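Please read the structure below before turning to the comments.
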Amino acid sequence: METKDEQRAGLLYGIGAYGMWGLVPLFWPLLKPAGAVEILAHRMVWSLAVVGLALLAVRRWGWVRELLRQPRKLGLIAVAAAVISVNWGLYIWSVNSGHVVEASLGYFINPLVTIAMGVLLLGERMRPAQWAAVGVGAAAVVVLAVGYGQPPWISLVLAFSFATYGLLKKKVNLGGLESLAAETAIQFLPALAYLVWLGTVGGATFGAHGAGHAALLAATGVVTAVPLVCFGAAAIRVPLSVLGLLQYLAPVFQFVLGIVYFHEEMPVERWAGFGLVWLALTVLTWDAARAARGAAVERNAAARALASAAAAEATADAEAARAAGAGR
């Protein structure tokens with residue numbers, strides 16, 4: 001019963017995390033007239049404040065000393081901080097510039113990019129269905145490039161930057177809260193310096209548009225940290241296969257918002273491109289589910305074989321004992 005409750009809680013945490021990420025396009029326009037770079041700088045500064053308070057509450061600081069003793073890991077975190085800065089900044093600009101649908105495409109194709117990077121950079125082997133999914137995804141990019149009149153560069157940069165960020169996070173192997181704290185600590189001084197400079201030249205919007213606008217800028221830290229905390233809570237409670245399915249919630253919400261709320265255009269060629277992407281993701285999800293079932297069957301078969309071997313050994317030992325008793 002406790003396990004089911006934990007899994008149910010994990011599912012709710014996962015839906016909450018991806019739901020918040022999916023609805024975040026509604027938040028960034030509220031920060032206008034602040035520009036994307038100013039919003040990004042505030043997000044970095046206030047995220048460190050929120051994460052610092054969270055770490056203070058749970059009293060988790062031992063990892064800092066250990067991290068400082070590992071310059072290679074620290075370097076990887078610095079690169080991750082730079083990559084996610086590009087991702088965050090471009091996403092904010094995309095939403096506030098009327099490219100919500102194209103931004104959502106980036107997170108639809110991200111799983112395909114992640115698989116391709118695993119093959120190219122880590123030497124991983126792809127199953128035939130995965131090859132097919134990546135091929136269909138590549139065809140979708142071509143169709144969309146024809147439709148847009150140019151490659152969908154916003155989608156591609158968002159997809160590749162987030163896939164690179166995921167690869168770096170895998171190598172660093174640090175908890176979600178700790179990782180965000182380390183990354184925002186690296187981002188903090190450049191972001192604060194930019195905000196100070198912006199204030200000295202009279203370009204800052206913080207405080208210039210009322211207390212409500214200033215509070216919203218400060219809330220960027222909460223908007224960044226809360227979904228991540230929910231994601232971390234989900235990751236330890238539900239299988240990765242479930243998390244893999246939940247990740248599609250965010251771009252689905254973003255896509256729907258782009259069309260229904262922001263009234264962005266969807267010509268036929270764009271529908272065709274998105275259709276191909278969704279086909280690729282369907283193939284990918286089906287293959288992942290099949291592979292998970294196959295692995296489960298193999299584990300069960302191995303467990304049964306082990307149990308049979310143990311039972312046979314126990315029987316042989318008992319017969320040997322009886323034979324020895326009869327001989328006496």
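Labels for the structure tokens follow display order: chains A, B, ..., residues from 1 in each chain, ligands from 1.
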
If you count only C-alpha atoms, which residues fall within 8 Å of Val143 in chain A, apart from same-chain ones fewer than 3 positions away, as a list in words? Ala139, Ala140, Val146, Gly147, Glu269, Arg270, Ala272 and Gly273 of chain A

I need the residues from that last selection saved to file as a PDB file, in the first residue's frame (with all heavy atoms), if you can.
```pdb
ATOM      1  N   ALA A 139      13.561  14.172 -41.200  1.00  0.00           N
ATOM      2  CA  ALA A 139      12.671  14.542 -42.306  1.00  0.00           C
ATOM      3  C   ALA A 139      11.728  15.665 -41.883  1.00  0.00           C
ATOM      4  O   ALA A 139      11.422  16.576 -42.668  1.00  0.00           O
ATOM      5  CB  ALA A 139      11.873  13.313 -42.757  1.00  0.00           C
ATOM      6  N   ALA A 140      11.270  15.616 -40.626  1.00  0.00           N
ATOM      7  CA  ALA A 140      10.386  16.667 -40.113  1.00  0.00           C
ATOM      8  C   ALA A 140      11.079  18.020 -40.116  1.00  0.00           C
ATOM      9  O   ALA A 140      10.473  19.042 -40.468  1.00  0.00           O
ATOM     10  CB  ALA A 140       9.934  16.316 -38.695  1.00  0.00           C
ATOM     11  N   VAL A 146      11.474  24.001 -45.011  1.00  0.00           N
ATOM     12  CA  VAL A 146      10.817  24.453 -46.238  1.00  0.00           C
ATOM     13  C   VAL A 146       9.630  25.353 -45.890  1.00  0.00           C
ATOM     14  O   VAL A 146       9.413  26.408 -46.514  1.00  0.00           O
ATOM     15  CB  VAL A 146      10.348  23.241 -47.078  1.00  0.00           C
ATOM     16  CG1 VAL A 146       9.497  23.704 -48.253  1.00  0.00           C
ATOM     17  CG2 VAL A 146      11.552  22.444 -47.570  1.00  0.00           C
ATOM     18  N   GLY A 147       8.866  24.951 -44.860  1.00  0.00           N
ATOM     19  CA  GLY A 147       7.700  25.728 -44.457  1.00  0.00           C
ATOM     20  C   GLY A 147       8.058  27.099 -43.921  1.00  0.00           C
ATOM     21  O   GLY A 147       7.407  28.097 -44.229  1.00  0.00           O
ATOM     22  N   GLU A 269       2.108  23.256 -44.002  1.00  0.00           N
ATOM     23  CA  GLU A 269       3.447  22.655 -43.974  1.00  0.00           C
ATOM     24  C   GLU A 269       3.969  22.528 -42.538  1.00  0.00           C
ATOM     25  O   GLU A 269       4.708  21.594 -42.215  1.00  0.00           O
ATOM     26  CB  GLU A 269       4.432  23.453 -44.840  1.00  0.00           C
ATOM     27  CG  GLU A 269       4.597  24.918 -44.465  1.00  0.00           C
ATOM     28  CD  GLU A 269       3.577  25.808 -45.170  1.00  0.00           C
ATOM     29  OE1 GLU A 269       2.569  25.291 -45.671  1.00  0.00           O
ATOM     30  OE2 GLU A 269       3.814  27.032 -45.202  1.00  0.00           O
ATOM     31  N   ARG A 270       3.554  23.453 -41.665  1.00  0.00           N
ATOM     32  CA  ARG A 270       3.980  23.346 -40.271  1.00  0.00           C
ATOM     33  C   ARG A 270       3.266  22.186 -39.581  1.00  0.00           C
ATOM     34  O   ARG A 270       3.864  21.454 -38.787  1.00  0.00           O
ATOM     35  CB  ARG A 270       3.708  24.667 -39.549  1.00  0.00           C
ATOM     36  CG  ARG A 270       4.482  24.795 -38.240  1.00  0.00           C
ATOM     37  CD  ARG A 270       4.323  26.171 -37.619  1.00  0.00           C
ATOM     38  NE  ARG A 270       4.903  27.217 -38.441  1.00  0.00           N
ATOM     39  CZ  ARG A 270       4.924  28.499 -38.090  1.00  0.00           C
ATOM     40  NH1 ARG A 270       4.366  28.887 -36.952  1.00  0.00           N
ATOM     41  NH2 ARG A 270       5.468  29.410 -38.872  1.00  0.00           N
ATOM     42  N   ALA A 272       2.345  19.529 -41.094  1.00  0.00           N
ATOM     43  CA  ALA A 272       2.994  18.331 -41.640  1.00  0.00           C
ATOM     44  C   ALA A 272       4.286  18.035 -40.889  1.00  0.00           C
ATOM     45  O   ALA A 272       4.560  16.875 -40.534  1.00  0.00           O
ATOM     46  CB  ALA A 272       3.273  18.526 -43.127  1.00  0.00           C
ATOM     47  N   GLY A 273       5.079  19.071 -40.629  1.00  0.00           N
ATOM     48  CA  GLY A 273       6.330  18.885 -39.893  1.00  0.00           C
ATOM     49  C   GLY A 273       6.087  18.392 -38.481  1.00  0.00           C
ATOM     50  O   GLY A 273       6.740  17.445 -38.010  1.00  0.00           O
TER      51      GLY A 273
END
```

Which of range 12-250 of chain A DSSP labels helix (DSSP H, G or I), written as an MDAnalysis selection string: chainID A and resid 12:26 28:31 36:58 62:68 71:96 100:122 128:148 153:172 176:200 210:218 220:235 240:246 249:250

Contacts of Val141 in chain A at 12 Å or less, counting only C-alpha atoms, minus same-chain residues fewer than 4 places along, as a PyMOL selection string? chain A and resi 102+105-106+108-109+112-113+134-137+145-156+159+269-277+280

Taking N, CA, C and O atoms for each residue, export the selection above as a CSV table (one decimal), in the first residue's frame.
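Now in part-v7.csv:
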```csv
chain,number,residue,atom,x,y,z
A,102,GLU,N,7.2,27.3,-32.1
A,102,GLU,CA,8.5,26.9,-32.5
A,102,GLU,C,9.4,26.5,-31.3
A,102,GLU,O,10.1,25.5,-31.4
A,105,LEU,N,8.4,23.0,-30.3
A,105,LEU,CA,9.0,22.0,-31.2
A,105,LEU,C,10.4,21.6,-30.7
A,105,LEU,O,10.7,20.4,-30.8
A,106,GLY,N,11.1,22.5,-30.1
A,106,GLY,CA,12.4,22.2,-29.6
A,106,GLY,C,12.4,21.1,-28.6
A,106,GLY,O,13.2,20.2,-28.6
A,108,PHE,N,9.9,18.9,-28.2
A,108,PHE,CA,9.4,17.7,-28.9
A,108,PHE,C,10.5,16.9,-29.5
A,108,PHE,O,10.6,15.7,-29.3
A,109,ILE,N,11.5,17.6,-30.1
A,109,ILE,CA,12.5,16.9,-30.8
A,109,ILE,C,13.7,16.6,-29.9
A,109,ILE,O,14.7,15.9,-30.3
A,112,LEU,N,14.8,13.0,-29.5
A,112,LEU,CA,15.5,12.5,-30.7
A,112,LEU,C,17.0,13.0,-30.8
A,112,LEU,O,17.9,12.2,-31.1
A,113,VAL,N,17.2,14.2,-30.4
A,113,VAL,CA,18.5,14.8,-30.4
A,113,VAL,C,19.4,14.1,-29.4
A,113,VAL,O,20.5,13.8,-29.6
A,134,VAL,N,14.6,8.6,-35.4
A,134,VAL,CA,15.6,9.8,-35.7
A,134,VAL,C,15.5,10.2,-37.2
A,134,VAL,O,15.5,11.4,-37.5
A,135,GLY,N,15.3,9.2,-38.1
A,135,GLY,CA,15.2,9.5,-39.5
A,135,GLY,C,14.0,10.3,-39.8
A,135,GLY,O,14.0,11.3,-40.6
A,136,VAL,N,12.8,9.9,-39.2
A,136,VAL,CA,11.6,10.6,-39.4
A,136,VAL,C,11.7,12.0,-38.8
A,136,VAL,O,11.2,13.0,-39.4
A,137,GLY,N,12.4,12.1,-37.7
A,137,GLY,CA,12.6,13.5,-37.1
A,137,GLY,C,13.4,14.4,-37.9
A,137,GLY,O,13.1,15.6,-38.1
A,145,ALA,N,11.8,23.3,-42.3
A,145,ALA,CA,12.7,24.3,-42.9
A,145,ALA,C,12.1,24.9,-44.2
A,145,ALA,O,12.1,26.1,-44.5
A,146,VAL,N,11.5,24.0,-45.0
A,146,VAL,CA,10.8,24.5,-46.2
A,146,VAL,C,9.6,25.4,-45.9
A,146,VAL,O,9.4,26.4,-46.5
A,147,GLY,N,8.9,25.0,-44.9
A,147,GLY,CA,7.7,25.7,-44.5
A,147,GLY,C,8.1,27.1,-43.9
A,147,GLY,O,7.4,28.1,-44.2
A,148,TYR,N,9.1,27.2,-43.1
A,148,TYR,CA,9.5,28.4,-42.5
A,148,TYR,C,10.3,29.3,-43.5
A,148,TYR,O,10.5,30.5,-43.3
A,149,GLY,N,10.9,28.6,-44.5
A,149,GLY,CA,11.8,29.4,-45.5
A,149,GLY,C,13.2,29.4,-45.0
A,149,GLY,O,14.1,30.0,-45.6
A,150,GLN,N,13.4,28.8,-43.8
A,150,GLN,CA,14.8,28.6,-43.2
A,150,GLN,C,14.7,27.5,-42.2
A,150,GLN,O,13.6,27.2,-41.7
A,151,PRO,N,15.8,27.0,-41.7
A,151,PRO,CA,15.8,26.0,-40.7
A,151,PRO,C,15.1,26.5,-39.4
A,151,PRO,O,15.3,27.7,-39.1
A,152,PRO,N,14.4,25.7,-38.7
A,152,PRO,CA,13.7,26.2,-37.5
A,152,PRO,C,14.8,26.3,-36.4
A,152,PRO,O,14.9,25.5,-35.4
A,153,TRP,N,15.6,27.4,-36.5
A,153,TRP,CA,16.8,27.5,-35.6
A,153,TRP,C,16.5,27.6,-34.2
A,153,TRP,O,17.2,27.1,-33.3
A,154,ILE,N,15.3,28.2,-33.8
A,154,ILE,CA,15.0,28.3,-32.4
A,154,ILE,C,14.8,26.9,-31.8
A,154,ILE,O,15.3,26.6,-30.8
A,155,SER,N,14.0,26.1,-32.5
A,155,SER,CA,13.8,24.7,-32.1
A,155,SER,C,15.1,23.9,-32.0
A,155,SER,O,15.3,23.2,-31.0
A,156,LEU,N,15.9,24.1,-33.0
A,156,LEU,CA,17.2,23.3,-33.0
A,156,LEU,C,18.1,23.7,-31.9
A,156,LEU,O,18.7,22.9,-31.2
A,159,ALA,N,16.7,22.5,-28.6
A,159,ALA,CA,16.8,21.0,-28.5
A,159,ALA,C,18.3,20.6,-28.2
A,159,ALA,O,18.5,19.8,-27.3
A,269,GLU,N,2.1,23.3,-44.0
A,269,GLU,CA,3.4,22.7,-44.0
A,269,GLU,C,4.0,22.5,-42.5
A,269,GLU,O,4.7,21.6,-42.2
A,270,ARG,N,3.6,23.5,-41.7
A,270,ARG,CA,4.0,23.3,-40.3
A,270,ARG,C,3.3,22.2,-39.6
A,270,ARG,O,3.9,21.5,-38.8
A,271,TRP,N,2.0,22.0,-39.9
A,271,TRP,CA,1.3,20.8,-39.3
A,271,TRP,C,1.9,19.5,-39.8
A,271,TRP,O,2.0,18.6,-39.1
A,272,ALA,N,2.3,19.5,-41.1
A,272,ALA,CA,3.0,18.3,-41.6
A,272,ALA,C,4.3,18.0,-40.9
A,272,ALA,O,4.6,16.9,-40.5
A,273,GLY,N,5.1,19.1,-40.6
A,273,GLY,CA,6.3,18.9,-39.9
A,273,GLY,C,6.1,18.4,-38.5
A,273,GLY,O,6.7,17.4,-38.0
A,274,PHE,N,5.1,19.0,-37.8
A,274,PHE,CA,4.8,18.6,-36.4
A,274,PHE,C,4.3,17.1,-36.5
A,274,PHE,O,4.6,16.3,-35.5
A,275,GLY,N,3.5,16.8,-37.5
A,275,GLY,CA,2.9,15.5,-37.6
A,275,GLY,C,4.0,14.4,-37.7
A,275,GLY,O,4.0,13.4,-37.0
A,276,LEU,N,5.1,14.7,-38.5
A,276,LEU,CA,6.2,13.8,-38.6
A,276,LEU,C,7.0,13.7,-37.2
A,276,LEU,O,7.4,12.6,-36.9
A,277,VAL,N,7.1,14.8,-36.5
A,277,VAL,CA,7.8,14.7,-35.2
A,277,VAL,C,7.0,13.9,-34.3
A,277,VAL,O,7.5,13.0,-33.6
A,280,ALA,N,7.5,10.3,-35.1
A,280,ALA,CA,8.8,9.8,-34.6
A,280,ALA,C,8.7,9.5,-33.1
A,280,ALA,O,9.3,8.5,-32.6
```

Which of these residues is nearest to Gly118 in chain A, using only C-alpha atoms: A:Thr164, A:Thr220, A:Asn96, A:Asn87?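 Checking each candidate against Gly118 in chain A, we get A:Thr164 as the closest.
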
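Those residues that approach Trp21 in chain A to within 8 Å, counting only C-alpha atoms, are Ala17, Pro227 and Ala250 of chain A; same-chain residues fewer than 4 positions away are not listed.
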